[in-house]
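**Student:** Sharing a structure below in structure tokens format, with a few things to ask.
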Amino acid sequence: MNNAEDKLLDLTAAVRRYVTDGCHLSIGGFTINRNPMAAVYEIMRQRVRNLHLYAHSNGQGVDELIGAGCVAALEIAYAGSGRFAPTCIRFRKAVEAGTVAVEDYSNYQMTLRFLAGAMGLPFLPTRSALGSDIIKKWGFRASRRKSDPRLPNHKLVVIDNPFEGWGNAQRLVLVPAIQPDVTILHVQQADRQGTVRIEGLPFTDVEQAKSARHVIVTCEELVATDRLREEPERNQLPFFCVDAVVPVSMGAYPTACYRHYDYDPVYLNNYRQAALDDDRYPDYLDEFVYGVESHEALLDRIGIDQLSRIQADPRTGYAVGLDRR
Amino acid sequence: MNNAEDKLLDLTAAVRRYVTDGCHLSIGGFTINRNPMAAVYEIMRQRVRNLHLYAHSNGQGVDELIGAGCVAALEIAYAGSGRFAPTCIRFRKAVEAGTVAVEDYSNYQMTLRFLAGAMGLPFLPTRSALGSDIIKKWGFRASRRKSDPRLPNHKLVVIDNPFEGWGNAQRLVLVPAIQPDVTILHVQQADRQGTVRIEGLPFTDVEQAKSARHVIVTCEELVATDRLREEPERNQLPFFCVDAVVPVSMGAYPTACYRHYDYDPVYLNNYRQAALDDDRYPDYLDEFVYGVESHEALLDRIGIDQLSRIQADPRTGYAVGLDRR
Amino acid sequence: MPDYTGREMMAIAAARQINDGDIVFCGTGISMLAAMAAKHICAPSSVIFFETGAVDSRLEEVPLAVADSRVMYGTAVNGSLADSFAVMQNPWTGRRVVGIMGAAQIDPYGNLNSTVIGDYSRPRVRFSGSGGACDVASFVGRTIIFMQHEKRKFVRQVDYLTSPGWLGGPGQREKKGLSAGGPAAVITNLALMGFDTQTRKMFLQGCFPGVTPRQILDNMSFEVDISRSREIAPPSEEELRILREVCDPQRLILN
Amino acid sequence: MPDYTGREMMAIAAARQINDGDIVFCGTGISMLAAMAAKHICAPSSVIFFETGAVDSRLEEVPLAVADSRVMYGTAVNGSLADSFAVMQNPWTGRRVVGIMGAAQIDPYGNLNSTVIGDYSRPRVRFSGSGGACDVASFVGRTIIFMQHEKRKFVRQVDYLTSPGWLGGPGQREKKGLSAGGPAAVITNLALMGFDTQTRKMFLQGCFPGVTPRQILDNMSFEVDISRSREIAPPSEEELRILREVCDPQRLILN
């Protein structure tokens, strides 16, 4: 995190600098929207290993990183890609095979965990999950937690309300902060300094970024600082939170980017078929990830016809009438 | 809080319905900006008494309510109006005379207290004020707190970090939630349903509104719902949080409203002179508050010449070159 | 009587449970259709609300996920996840929220599993996990649950308690520190199940047309009271028209 | 040597304490002028930052309060109070923040009072209260304090400890749970005071031109080490030009 005026970097260099073997990584987006897919594919191509991955409800990005064997441990609320994969497929297979360690939280708990990190707090309280197995059952054992200084000693802690019933609450769950080594977001606009504008729903991207030691932002459009500052109300992340700005056209593809393009149902259905079939999956990786040298090359392979089908309608922000079967 | 399509109400009726003797009231704005002054003056004219008032750094609104004798107790971080009154004058006099009970917090603590209320939590943690008298010295005694169900039993509670040093914190302060009976905001735009758009800095208005049982919004412009929904990213408060929408032109006067008008240095300097002089202060109230029947009548008394001097420049959002001595 | 599918019946049965003025928390899939249909059928001023932060979305097309760009269009506010869950945990707004959700397993008290089948540390089947379901189930005034009526899904005890229902029975939610709300209805491909206000146990509230109480019991791993069952009215032509022509003309969810 | 006022000297002395790259938390009044001047004098890529949530404001005119509309113009982000204090409590950003603040009383460890003179429950004089000062003093990497050099303001013990400085001495902040940062300098109308890195006690770092160490001691209720004092350079013509012509041409703060 710095204020240097110019943080422009290319994607290969940004991933190489900040996403190292064994690092604690968080990626923005939600299910099939605004996943930082260009960065995800670059991480896969760089064969980064043993990632400790944090997400709340990240679908496609999580599943691809797990599928490529980049992930050793995962803390998550939801691994699904909407109708395209109600449960992410490579995620499911890896957990059932025991090759990825998982710690489950609820979506609000994960949000609060990033928020706690962003606020510089060790924890935040909530009433969510009292009485549930999310509190009782731990994915990472106590011994593992105690021996790793990058993990809190407890998954969750339940306390009595020290204000004795104030706020009509007898008991609270405390969720521990997350401080990732690096968070990667894909957004609509950024300037060279790193100020960020997200259009549509921001999900938990802002909290994920502020909780992290380093932040990589990939963006559809690199915008002049003066233009972003004409309407500061629409900007969410100040430049001093950001380390690297990487313009990547269609950088969330095959997930959606509001007001730019929709998710690609053809790619996602094709992915599902490949993911379901252990024999075909390596071919998918070879063809669409390892076999292309950049995101631009992937988009070339998909072709202008398909990409033009998912271009967003300027009125609604998505591709009206797109065949999504 | 309801969804009724049309929540338009006139100011007299809105104040009469929601701001009753002894109620717990919170007002938005900060020092000399976006105080809901039209509503404040209406509360004064209705001679509401024994208010329990919450603010973070509200200057002019707090001082006028105290000056008119509406306030019995105050929880606040900062009572000042910038260069016009580094300490609010009627506030200072009332506290020194012992006629208003005060509980002091820091600005972030007050923010977190509203946020806790908005989040439906009894408290939120922070590291602010450890080792200070804000923790040690209570304005409201323990006996008073225990006997009033609308006050938490403790001003603040300090706990050891249950996550044993996680987040580099040994100790945390827990600040208790505020749930006002009513919050009043003044904003730039709202629709009849109650969706709110604030321009420039939102301060803590959004949290103050969401923490309250009832919300009155006064607005410069009543805008069509469809227009607000063209850019939902710029709206902060959904309609289901709001009870009453009251269009009041220059409703923050004599404080500022970004992109509409500046604060009025003439009025604020005149106010300061009157506030400093116990003999003159009743004349101020008679002339500018009780002696006018509405905010519109106050503006008429001020006159178009002075009001035009403080009109905002469309480029900057304030009155460029205004004589502010 | 018009022809209709089981999924259509489920969507309509759920839509009828929504009251005018409700803030409707929608998950992915059929719950969105139910919420969309309710606005046209019985609850014109209900508010469609997503955990992703979208408030009162103008759904011109059916979203395929709660983060679909379609939920972002024409909203009152495009908030964050932190905002949306706070609406549900907040006492004033939370009590007005009705949550609609699905799960892999349900027990007699409406506790839900959407995490694993088998042992948590070595699951036989892994599902998506809670998402916002546990949060909604913890916070809001009322939840409606979609389930397929199968023995392996209606179980005495869930393998993993993801989303709290009535927990172990009356008073348990309050004791644990949850909101006073809880499961109100389970809508399956065969029936509408309610929860007894005294015992908090599931009972058969009504069968869909042509379904017998016996069939219901045959498709569950636990017994329920069937004495209060009545036949549910089939979808009307108008209800079907709305569902098919307005809500999901491409049959993305209905098929 | 150009003519200048005490206030001008204070503003320049503070501006010189700001490093390039600092995120500068400004209060009302002279601290804003110091931050504005620093960007032209020594720290072009410092960032002006207000507790109200404005980041990197384009200050074409001097604001008269931290909520003045002038701080909202041309910012990178117009955030909320919750956002701004989180920047300071956050370890990565907070350590880069330098906070500038004033107070009614200060003790030898830089603890500040801006709440009351006299007993808290029956104050002789009431001030504005903490505002964001206590938060900033609790969180950030470094604070700079403005004070008038008077016996009643430099006191052995503050009547009310509003904003924690070094508390009771070395290790006390960490023990109480505060950030590792703390007071770095006190800038008065007469001198620049520092804090010893071992004892955390205030010492005289330098006198303004024409001021003697004796005068400093005469205007304080406690003793400080004066052995390390050096004379502070007066404002240069360029520094004064910036302050007078660029920052506050109306002399709203300077007078």
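Ordered as shown in the structure tokens, chains take letters A, B, and onward, while each chain numbers its residues from 1 and ligands are numbered from 1 in the order shown.
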Quick one: residues within 9 Å of region 30-37 of chain C, only C-alpha atoms counted, chain neighbours fewer than 3 positions away excluded, as a PyMOL selection string?
**Tutor:** chain C and resi 7+10-16+18+24-27+40-43+46-48+59+62-63+66+100-102+145-146+239+242-243+246-248+253-254
**Student:** Please write the residues from the selection above to a file, keeping N, CA, C and O atoms, as a compact mmCIF listing (two decimals), in the first residue's frame.
**Tutor:**
# COMPACT_ATOMS: atom_id res chain seq x y z
N ARG C 7 -43.11 -28.15 -10.12
CA ARG C 7 -42.33 -26.94 -9.82
C ARG C 7 -43.21 -25.69 -9.86
O ARG C 7 -43.04 -24.78 -9.06
N MET C 10 -45.17 -25.57 -6.72
CA MET C 10 -44.33 -25.14 -5.60
C MET C 10 -44.13 -23.62 -5.60
O MET C 10 -44.25 -22.96 -4.55
N ALA C 11 -43.85 -23.09 -6.77
CA ALA C 11 -43.61 -21.65 -6.85
C ALA C 11 -44.85 -20.86 -6.44
O ALA C 11 -44.76 -19.88 -5.69
N ILE C 12 -46.01 -21.33 -6.92
CA ILE C 12 -47.26 -20.63 -6.60
C ILE C 12 -47.58 -20.77 -5.11
O ILE C 12 -47.99 -19.80 -4.44
N ALA C 13 -47.40 -21.97 -4.57
CA ALA C 13 -47.69 -22.19 -3.15
C ALA C 13 -46.83 -21.28 -2.28
O ALA C 13 -47.30 -20.75 -1.27
N ALA C 14 -45.59 -21.09 -2.69
CA ALA C 14 -44.72 -20.20 -1.93
C ALA C 14 -45.13 -18.74 -2.09
O ALA C 14 -45.18 -17.98 -1.11
N ALA C 15 -45.49 -18.38 -3.32
CA ALA C 15 -45.89 -16.99 -3.57
C ALA C 15 -47.07 -16.62 -2.68
O ALA C 15 -47.14 -15.52 -2.14
N ARG C 16 -47.98 -17.57 -2.51
CA ARG C 16 -49.18 -17.29 -1.70
C ARG C 16 -48.85 -17.06 -0.22
O ARG C 16 -49.66 -16.54 0.53
N ILE C 18 -46.52 -15.16 0.83
CA ILE C 18 -45.92 -13.83 1.00
C ILE C 18 -47.02 -12.80 1.22
O ILE C 18 -47.99 -12.76 0.48
N VAL C 24 -38.87 -9.55 1.08
CA VAL C 24 -38.68 -10.96 0.75
C VAL C 24 -37.22 -11.24 0.40
O VAL C 24 -36.71 -10.78 -0.62
N PHE C 25 -36.55 -11.97 1.28
CA PHE C 25 -35.18 -12.41 1.02
C PHE C 25 -35.23 -13.60 0.08
O PHE C 25 -35.81 -14.64 0.40
N CYS C 26 -34.60 -13.47 -1.08
CA CYS C 26 -34.62 -14.54 -2.08
C CYS C 26 -33.28 -15.20 -2.22
O CYS C 26 -32.26 -14.51 -2.31
N GLY C 27 -33.29 -16.49 -2.30
CA GLY C 27 -32.12 -17.23 -2.71
C GLY C 27 -32.16 -17.43 -4.23
O GLY C 27 -32.93 -16.79 -4.94
N HIS C 40 -47.16 -10.01 -8.23
CA HIS C 40 -48.29 -9.88 -9.15
C HIS C 40 -49.55 -10.54 -8.61
O HIS C 40 -50.65 -10.22 -9.03
N ILE C 41 -49.38 -11.50 -7.69
CA ILE C 41 -50.52 -12.31 -7.25
C ILE C 41 -51.18 -11.73 -6.00
O ILE C 41 -52.37 -11.51 -5.96
N CYS C 42 -50.39 -11.51 -4.97
CA CYS C 42 -51.00 -11.23 -3.67
C CYS C 42 -50.29 -10.15 -2.87
O CYS C 42 -50.81 -9.69 -1.86
N ALA C 43 -49.11 -9.73 -3.28
CA ALA C 43 -48.32 -8.84 -2.44
C ALA C 43 -47.65 -7.77 -3.29
O ALA C 43 -46.43 -7.73 -3.40
N SER C 46 -44.79 -5.93 -1.71
CA SER C 46 -43.67 -6.65 -1.10
C SER C 46 -42.39 -6.20 -1.80
O SER C 46 -42.43 -5.67 -2.91
N VAL C 47 -41.29 -6.38 -1.13
CA VAL C 47 -40.01 -5.88 -1.62
C VAL C 47 -39.06 -7.05 -1.85
O VAL C 47 -38.83 -7.84 -0.93
N ILE C 48 -38.54 -7.18 -3.07
CA ILE C 48 -37.59 -8.25 -3.35
C ILE C 48 -36.20 -7.80 -2.93
O ILE C 48 -35.75 -6.70 -3.27
N LEU C 59 -36.95 -6.83 -11.79
CA LEU C 59 -36.55 -8.08 -12.46
C LEU C 59 -37.29 -8.22 -13.78
O LEU C 59 -38.36 -8.80 -13.84
N VAL C 62 -35.38 -13.32 -15.27
CA VAL C 62 -35.12 -14.05 -14.03
C VAL C 62 -33.60 -14.18 -13.83
O VAL C 62 -32.87 -14.57 -14.74
N PRO C 63 -33.10 -13.82 -12.66
CA PRO C 63 -31.67 -13.96 -12.38
C PRO C 63 -31.32 -15.44 -12.16
O PRO C 63 -32.14 -16.20 -11.65
N VAL C 66 -27.94 -14.96 -7.12
CA VAL C 66 -28.28 -13.73 -6.40
C VAL C 66 -27.32 -12.60 -6.73
O VAL C 66 -27.57 -11.45 -6.39
N ILE C 100 -36.71 -16.96 2.08
CA ILE C 100 -37.06 -18.18 1.35
C ILE C 100 -35.77 -18.91 1.02
O ILE C 100 -34.85 -18.32 0.45
N MET C 101 -35.68 -20.18 1.39
CA MET C 101 -34.42 -20.90 1.17
C MET C 101 -34.66 -22.39 0.95
O MET C 101 -35.72 -22.91 1.26
N GLY C 102 -33.65 -23.04 0.40
CA GLY C 102 -33.71 -24.49 0.22
C GLY C 102 -32.64 -25.15 1.06
O GLY C 102 -31.89 -24.47 1.77
N ILE C 145 -39.32 -22.63 3.48
CA ILE C 145 -38.28 -23.55 3.04
C ILE C 145 -38.79 -24.39 1.86
O ILE C 145 -39.91 -24.90 1.90
N PHE C 146 -37.99 -24.49 0.82
CA PHE C 146 -38.28 -25.37 -0.31
C PHE C 146 -37.54 -26.69 -0.14
O PHE C 146 -36.34 -26.68 0.13
N GLU C 239 -52.56 -17.26 -12.13
CA GLU C 239 -51.28 -17.51 -11.45
C GLU C 239 -50.28 -18.15 -12.42
O GLU C 239 -49.10 -17.77 -12.47
N ILE C 242 -48.98 -15.61 -15.02
CA ILE C 242 -47.96 -14.73 -14.45
C ILE C 242 -46.61 -15.45 -14.37
O ILE C 242 -45.57 -14.96 -14.78
N LEU C 243 -46.66 -16.65 -13.85
CA LEU C 243 -45.43 -17.41 -13.66
C LEU C 243 -44.74 -17.69 -14.99
O LEU C 243 -43.53 -17.51 -15.13
N VAL C 246 -44.79 -13.83 -17.37
CA VAL C 246 -44.14 -12.65 -16.80
C VAL C 246 -42.82 -13.02 -16.15
O VAL C 246 -41.80 -12.36 -16.35
N CYS C 247 -42.83 -14.08 -15.35
CA CYS C 247 -41.65 -14.36 -14.51
C CYS C 247 -40.56 -15.15 -15.25
O CYS C 247 -39.39 -14.81 -15.15
N ASP C 248 -40.92 -16.20 -15.92
CA ASP C 248 -39.88 -17.06 -16.51
C ASP C 248 -40.26 -17.55 -17.89
O ASP C 248 -40.42 -18.77 -18.10
N ILE C 253 -35.85 -21.48 -14.88
CA ILE C 253 -35.98 -22.08 -13.56
C ILE C 253 -37.07 -23.14 -13.56
O ILE C 253 -36.96 -24.17 -12.90
N LEU C 254 -38.13 -22.88 -14.35
CA LEU C 254 -39.28 -23.79 -14.30
C LEU C 254 -38.94 -25.16 -14.87
O LEU C 254 -39.57 -26.15 -14.49
**Student:** Which residues of chain A are close to chain B, meaning at most 8 Å apart when you count only C-alpha atoms, and how do they look as number ranges by chain?
**Tutor:** A: 117, 120-127, 152-154, 157, 161-169, 176-177, 199-201, 232-234
**Student:** Between B:Glu75, B:Asp313, B:Glu293, B:Asp6, which is the closest to Gln46 (chain B) once you count only C-alpha atoms?
**Tutor:**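 Nearest candidate to Gln46 (chain B) out of B:Glu75, B:Asp313, B:Glu293, B:Asp6: B:Glu293.
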**Student:** Please return, as JSON, numbers by chain, all residues of region 26-243 of chain C that DSSP assigns to strand (DSSP E or B) on the basis of the backbone.
**Tutor:** {"C": [26, 47, 48, 49, 50, 54, 55, 77, 78, 80, 97, 98, 99, 100, 101, 102, 105, 106, 112, 113, 116, 117, 118, 119, 122, 123, 124, 125, 126, 142, 143, 144, 145, 146, 154, 163, 182, 183, 184, 185, 186, 187, 191, 192, 193, 194, 195, 202, 203, 204, 205, 206, 207, 225, 230, 231]}
**Student:** According to DSSP computed on the backbone, where in region 158-269 of chain B is there helix (DSSP H, G or I)? Give the residues as an MDAnalysis selection string.
**Tutor:** chainID B and resid 166:168 205:211 225:228 232:234 239:241 265:269
**Student:** Using N, CA, C and O atoms, can you write the selected residues to a file as an mmCIF file, in the first residue's frame?
**Tutor:**
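Result went into part_11.cif, see below:
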data_model
loop_
_atom_site.group_PDB
_atom_site.id
_atom_site.type_symbol
_atom_site.label_atom_id
_atom_site.label_comp_id
_atom_site.auth_asym_id
_atom_site.auth_seq_id
_atom_site.Cartn_x
_atom_site.Cartn_y
_atom_site.Cartn_z
ATOM 1 N N TRP B 166 -4.876 -12.176 18.763
ATOM 2 C CA TRP B 166 -5.189 -12.108 17.336
ATOM 3 C C TRP B 166 -5.486 -10.661 16.959
ATOM 4 O O TRP B 166 -6.114 -9.934 17.726
ATOM 5 N N GLY B 167 -5.001 -10.234 15.790
ATOM 6 C CA GLY B 167 -5.187 -8.843 15.383
ATOM 7 C C GLY B 167 -4.334 -7.899 16.192
ATOM 8 O O GLY B 167 -4.597 -6.705 16.228
ATOM 9 N N ASN B 168 -3.322 -8.439 16.862
ATOM 10 C CA ASN B 168 -2.380 -7.613 17.607
ATOM 11 C C ASN B 168 -3.069 -6.752 18.669
ATOM 12 O O ASN B 168 -2.667 -5.631 18.936
ATOM 13 N N ASP B 205 -24.994 9.852 8.981
ATOM 14 C CA ASP B 205 -26.441 9.917 8.809
ATOM 15 C C ASP B 205 -27.074 8.554 8.541
ATOM 16 O O ASP B 205 -28.149 8.251 9.059
ATOM 17 N N VAL B 206 -26.416 7.744 7.716
ATOM 18 C CA VAL B 206 -27.027 6.474 7.319
ATOM 19 C C VAL B 206 -27.153 5.552 8.528
ATOM 20 O O VAL B 206 -28.203 4.945 8.772
ATOM 21 N N GLU B 207 -26.094 5.459 9.322
ATOM 22 C CA GLU B 207 -26.130 4.620 10.514
ATOM 23 C C GLU B 207 -27.128 5.177 11.530
ATOM 24 O O GLU B 207 -27.833 4.419 12.203
ATOM 25 N N GLN B 208 -27.178 6.510 11.662
ATOM 26 C CA GLN B 208 -28.128 7.110 12.601
ATOM 27 C C GLN B 208 -29.561 6.752 12.220
ATOM 28 O O GLN B 208 -30.389 6.450 13.070
ATOM 29 N N ALA B 209 -29.836 6.769 10.924
ATOM 30 C CA ALA B 209 -31.190 6.437 10.464
ATOM 31 C C ALA B 209 -31.505 4.971 10.689
ATOM 32 O O ALA B 209 -32.555 4.613 11.231
ATOM 33 N N LYS B 210 -30.571 4.096 10.309
ATOM 34 C CA LYS B 210 -30.868 2.667 10.399
ATOM 35 C C LYS B 210 -30.968 2.179 11.842
ATOM 36 O O LYS B 210 -31.552 1.135 12.112
ATOM 37 N N SER B 211 -30.365 2.921 12.780
ATOM 38 C CA SER B 211 -30.436 2.505 14.173
ATOM 39 C C SER B 211 -31.759 2.886 14.823
ATOM 40 O O SER B 211 -32.080 2.398 15.904
ATOM 41 N N THR B 225 -39.248 8.602 -8.239
ATOM 42 C CA THR B 225 -38.626 7.310 -7.926
ATOM 43 C C THR B 225 -37.786 6.796 -9.085
ATOM 44 O O THR B 225 -36.654 6.342 -8.898
ATOM 45 N N ASP B 226 -38.337 6.887 -10.292
ATOM 46 C CA ASP B 226 -37.595 6.385 -11.451
ATOM 47 C C ASP B 226 -36.267 7.111 -11.629
ATOM 48 O O ASP B 226 -35.290 6.501 -12.050
ATOM 49 N N ARG B 227 -36.253 8.394 -11.315
ATOM 50 C CA ARG B 227 -34.995 9.123 -11.492
ATOM 51 C C ARG B 227 -33.958 8.655 -10.478
ATOM 52 O O ARG B 227 -32.793 8.442 -10.826
ATOM 53 N N LEU B 228 -34.359 8.480 -9.244
ATOM 54 C CA LEU B 228 -33.408 7.990 -8.231
ATOM 55 C C LEU B 228 -32.876 6.614 -8.604
ATOM 56 O O LEU B 228 -31.748 6.265 -8.287
ATOM 57 N N PRO B 232 -28.762 3.784 -8.726
ATOM 58 C CA PRO B 232 -28.951 3.342 -7.330
ATOM 59 C C PRO B 232 -27.654 3.375 -6.520
ATOM 60 O O PRO B 232 -27.705 3.446 -5.293
ATOM 61 N N GLU B 233 -26.508 3.341 -7.204
ATOM 62 C CA GLU B 233 -25.232 3.397 -6.487
ATOM 63 C C GLU B 233 -25.112 4.676 -5.674
ATOM 64 O O GLU B 233 -24.314 4.734 -4.745
ATOM 65 N N ARG B 234 -25.837 5.719 -6.083
ATOM 66 C CA ARG B 234 -25.715 7.003 -5.389
ATOM 67 C C ARG B 234 -26.745 7.175 -4.270
ATOM 68 O O ARG B 234 -26.762 8.201 -3.608
ATOM 69 N N PHE B 239 -36.056 2.842 1.066
ATOM 70 C CA PHE B 239 -37.327 3.414 1.531
ATOM 71 C C PHE B 239 -37.872 2.733 2.768
ATOM 72 O O PHE B 239 -38.513 3.371 3.586
ATOM 73 N N PHE B 240 -37.576 1.421 2.944
ATOM 74 C CA PHE B 240 -38.216 0.758 4.080
ATOM 75 C C PHE B 240 -37.617 1.176 5.423
ATOM 76 O O PHE B 240 -38.085 0.738 6.467
ATOM 77 N N CYS B 241 -36.594 2.016 5.408
ATOM 78 C CA CYS B 241 -36.055 2.559 6.656
ATOM 79 C C CYS B 241 -36.695 3.896 7.043
ATOM 80 O O CYS B 241 -36.387 4.433 8.105
ATOM 81 N N PRO B 265 -22.398 32.724 7.164
ATOM 82 C CA PRO B 265 -21.507 33.265 8.198
ATOM 83 C C PRO B 265 -22.153 34.414 8.968
ATOM 84 O O PRO B 265 -21.884 34.586 10.154
ATOM 85 N N VAL B 266 -23.036 35.152 8.303
ATOM 86 C CA VAL B 266 -23.693 36.282 8.975
ATOM 87 C C VAL B 266 -24.611 35.764 10.077
ATOM 88 O O VAL B 266 -24.561 36.209 11.226
ATOM 89 N N TYR B 267 -25.427 34.778 9.735
ATOM 90 C CA TYR B 267 -26.346 34.211 10.726
ATOM 91 C C TYR B 267 -25.560 33.575 11.867
ATOM 92 O O TYR B 267 -25.861 33.794 13.045
ATOM 93 N N LEU B 268 -24.529 32.796 11.524
ATOM 94 C CA LEU B 268 -23.788 32.069 12.564
ATOM 95 C C LEU B 268 -23.019 33.017 13.476
ATOM 96 O O LEU B 268 -22.927 32.796 14.684
ATOM 97 N N ASN B 269 -22.472 34.106 12.913
ATOM 98 C CA ASN B 269 -21.791 35.095 13.761
ATOM 99 C C ASN B 269 -22.791 35.828 14.653
ATOM 100 O O ASN B 269 -22.525 36.078 15.836
#
**Student:** Name the closest residue to Glu96 (chain A) among the candidates C:Gly118, C:Gly132, C:Gly165, C:Gly74; distances are taken between atoms, counting only C-alpha atoms.
**Tutor:**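 Closest to Glu96 (chain A) of all the choices is C:Gly118.
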**Student:** Give me the residues of chain D that have any atom at most 7 Å from an atom of chain B; for each, the nearest atom pair and the distance in Å, rounded to one decimal. Use only C-alpha atoms, sort by chain and number, and format it as a Markdown table.
**Tutor:**
| residue | atom | partner | partner_atom | distance |
| --- | --- | --- | --- | --- |
| D:Thr28 | CA | B:Gly82 | CA | 6.4 |
| D:Thr52 | CA | B:Phe203 | CA | 5.9 |
| D:Gly53 | CA | B:Leu201 | CA | 6.7 |
| D:Leu64 | CA | B:Arg83 | CA | 5.4 |
| D:Ala65 | CA | B:Gly82 | CA | 4.3 |
| D:Ala67 | CA | B:Phe30 | CA | 5.9 |
| D:Asp68 | CA | B:Asn33 | CA | 6.4 |
| D:Ser69 | CA | B:Tyr258 | CA | 5.7 |
| D:Arg70 | CA | B:Tyr318 | CA | 6.6 |
| D:Met72 | CA | B:Gly200 | CA | 5.7 |
| D:Tyr73 | CA | B:Thr316 | CA | 5.8 |
| D:Asn78 | CA | B:Leu201 | CA | 5.2 |
| D:Gly79 | CA | B:Leu201 | CA | 6.1 |
| D:Ser80 | CA | B:Phe203 | CA | 4.8 |
| D:Leu81 | CA | B:Phe203 | CA | 5.4 |
| D:Ala82 | CA | B:Thr111 | CA | 6.3 |
| D:Phe85 | CA | B:Tyr108 | CA | 6.3 |
| D:Ser121 | CA | B:Gly139 | CA | 6.6 |
| D:Arg122 | CA | B:Glu96 | CA | 6.9 |
| D:Pro123 | CA | B:Glu96 | CA | 5.8 |
| D:Arg124 | CA | B:Glu96 | CA | 6.2 |
| D:Val125 | CA | B:Glu96 | CA | 6.5 |
| D:Arg126 | CA | B:Arg92 | CA | 5.5 |
| D:Phe127 | CA | B:Thr87 | CA | 5.5 |
| D:Ser128 | CA | B:Thr87 | CA | 4.6 |
| D:Gly129 | CA | B:Tyr78 | CA | 4.9 |
| D:Ser130 | CA | B:Ser106 | CA | 5.4 |
| D:Gly131 | CA | B:Tyr78 | CA | 4.4 |
| D:Gly132 | CA | B:Asn107 | CA | 4.8 |
| D:Cys134 | CA | B:Ala129 | CA | 5.9 |
| D:Asp135 | CA | B:Ser128 | CA | 5.1 |
| D:Ser138 | CA | B:Ser128 | CA | 5.3 |
| D:Phe139 | CA | B:Ser128 | CA | 7.0 |
| D:Tyr160 | CA | B:Asp133 | CA | 6.0 |
| D:Leu161 | CA | B:Asp133 | CA | 5.0 |
| D:Thr162 | CA | B:Ser132 | CA | 5.9 |
| D:Ser163 | CA | B:Ser132 | CA | 6.5 |
| D:Pro164 | CA | B:Ser132 | CA | 5.9 |
| D:Lys176 | CA | B:Leu130 | CA | 6.0 |
| D:Gly177 | CA | B:Arg171 | CA | 5.2 |
| D:Leu178 | CA | B:Arg127 | CA | 6.4 |
| D:Leu252 | CA | B:Arg325 | CA | 6.3 |
**Student:** Could you check how far CA of Ala55 (chain A) sits from CA of Leu74 (chain A), in Å to one decimal?
**Tutor:**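 Interatomic distance, CA of Ala55 (chain A) to CA of Leu74 (chain A): 8.0 Å.
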**Student:** Would you compute the distance between CA of Val248 (chain A) and CA of Val62 (chain A)? Give it in Å to one decimal.
**Tutor:** 19.6 Å
**Student:** Using only C-alpha atoms, which of C:Gly21, C:Met220, C:Glu61, C:Asp196 sits nearest Arg244 (chain C)?
**Tutor:**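 Of C:Gly21, C:Met220, C:Glu61, C:Asp196, the one nearest Arg244 (chain C) is C:Glu61, counting only C-alpha atoms.
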**Student:** Hey, can you check how far CA of Arg230 (chain C) sits from CA of Cys207 (chain C)?
**Tutor:** 6.4 Å
**Student:** Name all residues at most 7 Å from Tyr284 (chain B) (count only C-alpha atoms; drop same-chain ones fewer than 4 positions away) and give them as a PyMOL selection string.
**Tutor:** chain B and resi 274+280+288
